[in-house]
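Shown next, in structure tokens, is the structure this report addresses.
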Amino acid sequence: MDEQKRTFFNMKVFYFLAYFSMGGLFPLLTVYFQNEVGLTGSQIGVITSIGPVVMLLTQPVWGILSDYTKRPRILLTIAVLGTGSVGFTYLFAEDYLILVAIAAGLAVFQSAIIPLSDSMAMNYVYKNGGDYGNIRMWGAVGFALAVWFMGMLSDWIGQSIIFYGFAIVLFISAFFSIGMPKESVSAKVDIRGGMKRLVKVPGFMLFLLITFLVFGPIMANNFYFGLLIQFSGGSLAGVGFAFLLAAGSEVPFMRWAGDWIRKRGILVILFLAAFASGLRWFFYFSGPTHEFIYITTVVQGFSIGLFVPAALQYIIDLAPKDVKATAVAIYSAVGNGLGAWFFSISAGMIMEWYSILHVYLFYGVLTSIGALLTLWMITNSKKAPTLTT
């Protein structure tokens, strides 16, 4: 195996393991908090929302360290080992404030994993050829298999198994993080200066709002979907099966995303993904049985599998060359940070005041607004951004 093939292999395995660890923990974590610890909806909302806030603050620090040290692989290795170690301590905590502290500490290390690996992968693909979507899809495979596998183990052994799985898989991933691309992430991120330029770019601020409205519920759903399954009569194994179908369906759409974007245009693909996501949330509000939820989970593949690569490509195409890295950082902060925080903490409060079904009504309304704004952008733009090479 030559060096380039080995690098692509390491990237794919790392994405598989990193997302496997997350898939085996986070979708089942809220169920653990509710069933094993006895937390209220608001308490669960605070714990699940603290991570995105901390990530928002610490991601730039990891970026600065990467630029300064020129050692992104070492930083990535430290991040995965730290994430696994802190996440394991959930097993020994039951006090609410301690759980909040663990969630915050976990986010400090976890905030580096995706940005560093994405930057290295995209930088490598840009220089050596290849398709980022074909690498990233292994993350979707890992996530899907993890929830299914850990869901079954939780039913058989007990829910504490999710913390062992999380730590062990991340420790294994550290071996493959060393084999990630050697290229350091050289693009500088100037949030303050870059934002001043980006606000003047037509459509940039509106697209950030769309990202917040559409991607925020998608991120928060990872925490609350398991509770919906149990509310509808499903078991822990059923939660895993639902996520297997949902996350697994992302894989083919991520493979097709590039061709569809080139044929239909980025904004059209973004609208279709947002519209499908909104319909899915409204359907869940109707109170379907868990069998019908399983059937409709394929919609997640269509919405996430298309929205993620299309949105990232749109931001890259839209931003001026010297502030592309800044634009991506801001986009990530809005979707993965502010959006995930707002829709997670809101869900916890809505669930406590009303029910888990009303959480999805809330998600459906705001996602639909995002879809309508995307449609407005289509009708008011002469053409979608031209793909760059």
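Each chain in the structure tokens gets a letter, A, B and so on, in the order shown; residues start at 1 in every chain, and ligands are counted from 1 in the order they appear.
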
**OP:** Within 7 Å of stretch 132-144 of chain A, counting only C-alpha atoms, which residues show up once you throw out same-chain ones fewer than 6 positions away? Write them as an NGL selection string, please.
**Re:** :A and (11-12 or 15-17 or 19-20 or 22-23 or 121-122 or 125 or 243-244 or 247-248 or 250-251 or 254-255)

Can I get the selected residues back with N, CA and C atoms, as a CSV table (one decimal), in the first residue's frame?
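Printed below is result.csv as written:
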chain,number,residue,atom,x,y,z
A,11,MET,N,-7.7,8.0,7.0
A,11,MET,CA,-8.7,9.0,7.2
A,11,MET,C,-10.1,8.3,7.3
A,12,LYS,N,-10.4,7.3,6.4
A,12,LYS,CA,-11.7,6.7,6.5
A,12,LYS,C,-11.9,5.9,7.8
A,15,TYR,N,-12.5,8.5,10.6
A,15,TYR,CA,-13.9,9.0,10.6
A,15,TYR,C,-14.8,7.9,11.1
A,16,PHE,N,-14.6,6.7,10.7
A,16,PHE,CA,-15.5,5.6,11.1
A,16,PHE,C,-15.5,5.5,12.6
A,17,LEU,N,-14.3,5.5,13.2
A,17,LEU,CA,-14.2,5.3,14.7
A,17,LEU,C,-14.6,6.5,15.5
A,19,TYR,N,-16.8,8.8,14.7
A,19,TYR,CA,-18.3,8.9,14.6
A,19,TYR,C,-18.9,7.7,15.3
A,20,PHE,N,-18.3,6.6,15.3
A,20,PHE,CA,-18.8,5.4,16.0
A,20,PHE,C,-18.9,5.7,17.5
A,22,MET,N,-19.2,8.6,19.0
A,22,MET,CA,-20.2,9.6,19.2
A,22,MET,C,-21.6,9.0,19.0
A,23,GLY,N,-21.7,8.1,18.0
A,23,GLY,CA,-23.0,7.5,17.8
A,23,GLY,C,-23.4,6.5,18.9
A,121,ALA,N,-8.5,16.6,6.1
A,121,ALA,CA,-9.0,15.8,5.0
A,121,ALA,C,-9.3,16.6,3.8
A,122,MET,N,-9.9,17.8,4.0
A,122,MET,CA,-10.3,18.7,2.8
A,122,MET,C,-9.0,19.2,2.2
A,125,VAL,N,-7.4,16.4,0.2
A,125,VAL,CA,-8.2,16.1,-1.0
A,125,VAL,C,-7.9,17.2,-2.1
A,243,PHE,N,-31.7,4.6,14.6
A,243,PHE,CA,-30.5,5.4,14.2
A,243,PHE,C,-29.7,4.7,13.1
A,244,LEU,N,-29.7,3.4,13.1
A,244,LEU,CA,-29.0,2.6,12.1
A,244,LEU,C,-29.6,3.0,10.7
A,247,ALA,N,-29.0,7.2,10.1
A,247,ALA,CA,-27.7,7.5,9.8
A,247,ALA,C,-27.1,6.7,8.7
A,248,GLY,N,-27.5,5.5,8.6
A,248,GLY,CA,-27.1,4.7,7.5
A,248,GLY,C,-27.6,5.2,6.1
A,250,GLU,N,-27.7,8.1,5.2
A,250,GLU,CA,-27.0,9.3,4.8
A,250,GLU,C,-25.9,8.9,3.8
A,251,VAL,N,-25.4,7.7,3.9
A,251,VAL,CA,-24.2,7.3,3.1
A,251,VAL,C,-24.4,7.4,1.6
A,254,MET,N,-24.7,11.1,0.6
A,254,MET,CA,-23.4,11.8,0.6
A,254,MET,C,-22.6,11.5,-0.6
A,255,ARG,N,-22.7,10.3,-1.1
A,255,ARG,CA,-22.0,9.9,-2.3
A,255,ARG,C,-22.5,10.6,-3.6

**OP:** Among the residues of stretch 315-352 of chain A, find those DSSP assigns to alpha helix (DSSP H) from the backbone and print them as a ChimeraX atom specification.
**Re:** /A:315-318,324-332,340-352

Subject >> Proximity to A:Ile316 - best of A:Phe204, A:Trp376, A:Phe109, A:Tyr354, only C-alpha atoms >> reply: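 Counting only C-alpha atoms, the residue closest to A:Ile316 is A:Phe204.
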
Original post:
What separation in Å, quoted to one decimal, exists between atom CA of A:Pro202 and atom CA of A:Ile369?
Top reply: 19.5 Å

Original post:
Could you pull the residues within 12 Å of A:His358, counting only C-alpha atoms, minus those fewer than 6 positions along the same chain, as an NGL selection string?
Top reply: :A and (224 or 228 or 281-287 or 346-352 or 364-365)

Original post:
Looking at A:Phe212, A:Leu170, A:Ile315, A:Gly151, which one is nearest to A:Ala242, with distances taken over only C-alpha atoms?
Top reply: A:Gly151

Original post:
When you draw a straight line from atom CA of A:Gly38 to atom CA of A:Gly158, how long is it in Å?
Top reply: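 Separation of atom CA of A:Gly38 and atom CA of A:Gly158: 15.7 Å.
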
**OP:** Please identify all polymer residues within 12 Å of A:Gly84, counting only C-alpha atoms, omitting same-chain residues fewer than 6 positions from it, and present them as a PyMOL selection string.
**Re:** chain A and resi 17-18+21-22+25+77-78+90+102+105-110+113+162-174

**OP:** Identify which of the residues A:Leu29, A:Ala93, A:Lys127, A:His290 lies closest to A:Ile161, counting only C-alpha atoms when measuring atom-to-atom distances.
**Re:** A:Leu29

**OP:** Quick one: everything within 7 Å of A:Leu116, counting only C-alpha atoms, minus sequence neighbours fewer than 3 positions away in the same chain. Send it as a list in words.
**Re:**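 Non-adjacent residues within range: Pro72, Leu76, Ala112, Ile113, Ser119 and Met120 of chain A.
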
Could you write out the selected residues, including all heavy atoms, as a PDB file, in the first residue's frame?
ATOM      1  N   PRO A  72      -1.088  19.389  13.663  1.00  0.00           N
ATOM      2  CA  PRO A  72      -2.518  19.062  13.831  1.00  0.00           C
ATOM      3  C   PRO A  72      -2.765  17.608  14.179  1.00  0.00           C
ATOM      4  O   PRO A  72      -3.730  17.282  14.875  1.00  0.00           O
ATOM      5  CB  PRO A  72      -3.122  19.426  12.466  1.00  0.00           C
ATOM      6  CG  PRO A  72      -1.979  19.356  11.511  1.00  0.00           C
ATOM      7  CD  PRO A  72      -0.778  19.799  12.281  1.00  0.00           C
ATOM      8  N   LEU A  76      -4.854  16.409  17.318  1.00  0.00           N
ATOM      9  CA  LEU A  76      -6.024  15.543  17.121  1.00  0.00           C
ATOM     10  C   LEU A  76      -5.940  14.321  18.026  1.00  0.00           C
ATOM     11  O   LEU A  76      -6.946  13.899  18.613  1.00  0.00           O
ATOM     12  CB  LEU A  76      -6.104  15.114  15.655  1.00  0.00           C
ATOM     13  CG  LEU A  76      -7.300  14.241  15.265  1.00  0.00           C
ATOM     14  CD1 LEU A  76      -8.613  14.968  15.521  1.00  0.00           C
ATOM     15  CD2 LEU A  76      -7.209  13.826  13.795  1.00  0.00           C
ATOM     16  N   ALA A 112     -12.291  19.845  19.134  1.00  0.00           N
ATOM     17  CA  ALA A 112     -11.163  19.835  18.193  1.00  0.00           C
ATOM     18  C   ALA A 112     -11.260  18.724  17.167  1.00  0.00           C
ATOM     19  O   ALA A 112     -10.647  18.819  16.088  1.00  0.00           O
ATOM     20  CB  ALA A 112      -9.854  19.695  18.968  1.00  0.00           C
ATOM     21  N   ILE A 113     -12.006  17.667  17.465  1.00  0.00           N
ATOM     22  CA  ILE A 113     -11.939  16.459  16.636  1.00  0.00           C
ATOM     23  C   ILE A 113     -12.428  16.700  15.216  1.00  0.00           C
ATOM     24  O   ILE A 113     -11.703  16.424  14.238  1.00  0.00           O
ATOM     25  CB  ILE A 113     -12.747  15.321  17.298  1.00  0.00           C
ATOM     26  CG1 ILE A 113     -12.108  14.928  18.627  1.00  0.00           C
ATOM     27  CG2 ILE A 113     -12.813  14.118  16.358  1.00  0.00           C
ATOM     28  CD1 ILE A 113     -12.874  13.853  19.387  1.00  0.00           C
ATOM     29  N   SER A 119     -10.435  19.687   8.368  1.00  0.00           N
ATOM     30  CA  SER A 119      -9.472  20.574   7.721  1.00  0.00           C
ATOM     31  C   SER A 119      -8.356  19.781   7.058  1.00  0.00           C
ATOM     32  O   SER A 119      -7.962  20.061   5.924  1.00  0.00           O
ATOM     33  CB  SER A 119      -8.873  21.546   8.753  1.00  0.00           C
ATOM     34  OG  SER A 119      -9.874  22.396   9.261  1.00  0.00           O
ATOM     35  N   MET A 120      -7.854  18.779   7.767  1.00  0.00           N
ATOM     36  CA  MET A 120      -6.786  17.963   7.195  1.00  0.00           C
ATOM     37  C   MET A 120      -7.286  17.163   5.994  1.00  0.00           C
ATOM     38  O   MET A 120      -6.592  17.063   4.971  1.00  0.00           O
ATOM     39  CB  MET A 120      -6.214  17.031   8.259  1.00  0.00           C
ATOM     40  CG  MET A 120      -5.316  17.732   9.266  1.00  0.00           C
ATOM     41  SD  MET A 120      -4.479  16.592  10.391  1.00  0.00           S
ATOM     42  CE  MET A 120      -5.803  16.254  11.543  1.00  0.00           C
TER      43      MET A 120
END
